[in-house]
Amino acid sequence: MSDLDQREQAQLGLKYIEDSIVGLLTRHPKGMDGSAIADVLGLRPDMKPEQRALVAAGVLELLVRSGRILWNETKRVYEDNPDVS
């Protein structure tokens, strides 16, 4: 398998995780914190809670920067961005 194939596989996996997070937040209109998102998606369940949140944090940051989800500073949760389909 070439490096390009590995990159494509990684990007596809990232897209699946991003889409799962957006779908999860769509079903939780009050929002969720990073740790809860990591728990629900089963991201590294063998890690301590604060470490699980770090696994999700990078993907969550990408989604916030792209505008697909929002960070609610007041509530300290991530929320679906209803303006993005």
# chains A, B, ... in the order shown; residues from 1 in each chain; ligands from 1
$ residues_around --residues "Lys30 of chain A" --least-positions-apart "6" --cutoff "9 Å" --atoms "only C-alpha atoms" --output "tab-separated table (two decimals) with N, CA and C atoms, in the first residue's frame"
chain	number	residue	atom	x	y	z
A	77	VAL	N	-19.83	23.71	26.27
A	77	VAL	CA	-20.21	22.53	25.50
A	77	VAL	C	-20.09	22.82	24.01
A	78	TYR	N	-20.00	21.75	23.24
A	78	TYR	CA	-20.05	21.83	21.80
A	78	TYR	C	-21.49	21.65	21.37
A	79	GLU	N	-21.89	22.39	20.33
A	79	GLU	CA	-23.26	22.32	19.85
A	79	GLU	C	-23.27	22.19	18.32
$ select_by_dssp --residues "chain A" --states "strand (DSSP E or B)" --output "PyMOL selection string"
chain A and resi 32+69-72+77-80
$ atom_distance --atom1 "atom CA of Ala38 of chain A" --atom2 "atom CA of Thr74 of chain A"
20.7 Å
$ atom_distance --atom1 "atom CA of Asp3 of chain A" --atom2 "atom CA of Leu54 of chain A"
26.5 Å
$ select_by_dssp --residues "segment 13-77 of chain A" --states "helix (DSSP H, G or I)" --output "MDAnalysis selection string"
chainID A and resid 13:27 34:41 49:66
$ write_last_selection --atoms "C-alpha atoms" --output "mmCIF file, in the first residue's frame"
data_model
loop_
_atom_site.group_PDB
_atom_site.id
_atom_site.type_symbol
_atom_site.label_atom_id
_atom_site.label_comp_id
_atom_site.auth_asym_id
_atom_site.auth_seq_id
_atom_site.Cartn_x
_atom_site.Cartn_y
_atom_site.Cartn_z
ATOM 1 C CA GLY A 13 -11.555 7.649 8.918
ATOM 2 C CA LEU A 14 -11.375 11.275 10.057
ATOM 3 C CA LYS A 15 -14.439 12.110 7.955
ATOM 4 C CA TYR A 16 -16.380 9.256 9.577
ATOM 5 C CA ILE A 17 -15.459 10.519 13.049
ATOM 6 C CA GLU A 18 -16.364 14.117 12.135
ATOM 7 C CA ASP A 19 -19.719 13.034 10.698
ATOM 8 C CA SER A 20 -20.413 10.939 13.814
ATOM 9 C CA ILE A 21 -19.730 13.928 16.076
ATOM 10 C CA VAL A 22 -21.973 16.225 14.029
ATOM 11 C CA GLY A 23 -24.747 13.601 14.049
ATOM 12 C CA LEU A 24 -24.380 13.133 17.799
ATOM 13 C CA LEU A 25 -24.622 16.869 18.472
ATOM 14 C CA THR A 26 -27.652 17.129 16.195
ATOM 15 C CA ARG A 27 -29.404 14.652 18.515
ATOM 16 C CA GLY A 34 -15.599 16.781 24.805
ATOM 17 C CA SER A 35 -15.368 14.025 27.385
ATOM 18 C CA ALA A 36 -19.001 13.001 26.884
ATOM 19 C CA ILE A 37 -18.535 12.966 23.113
ATOM 20 C CA ALA A 38 -15.444 10.763 23.436
ATOM 21 C CA ASP A 39 -17.312 8.401 25.786
ATOM 22 C CA VAL A 40 -20.364 8.027 23.544
ATOM 23 C CA LEU A 41 -18.235 7.400 20.456
ATOM 24 C CA PRO A 49 -11.552 10.359 31.182
ATOM 25 C CA GLU A 50 -9.308 13.398 30.744
ATOM 26 C CA GLN A 51 -7.235 11.514 28.160
ATOM 27 C CA ARG A 52 -10.361 10.432 26.241
ATOM 28 C CA ALA A 53 -11.359 14.077 25.995
ATOM 29 C CA LEU A 54 -7.969 14.873 24.451
ATOM 30 C CA VAL A 55 -8.497 12.271 21.740
ATOM 31 C CA ALA A 56 -11.710 14.021 20.698
ATOM 32 C CA ALA A 57 -10.352 17.550 21.229
ATOM 33 C CA GLY A 58 -8.354 17.674 17.998
ATOM 34 C CA VAL A 59 -11.292 16.573 15.876
ATOM 35 C CA LEU A 60 -13.631 18.930 17.724
ATOM 36 C CA GLU A 61 -11.261 21.839 17.060
ATOM 37 C CA LEU A 62 -11.257 21.030 13.341
ATOM 38 C CA LEU A 63 -15.055 20.984 13.314
ATOM 39 C CA VAL A 64 -15.293 24.311 15.171
ATOM 40 C CA ARG A 65 -12.778 25.956 12.818
ATOM 41 C CA SER A 66 -14.686 24.711 9.783
#
$ atom_distance --atom1 "atom CA of Asn72 of chain A" --atom2 "atom CA of Leu43 of chain A"
22.3 Å
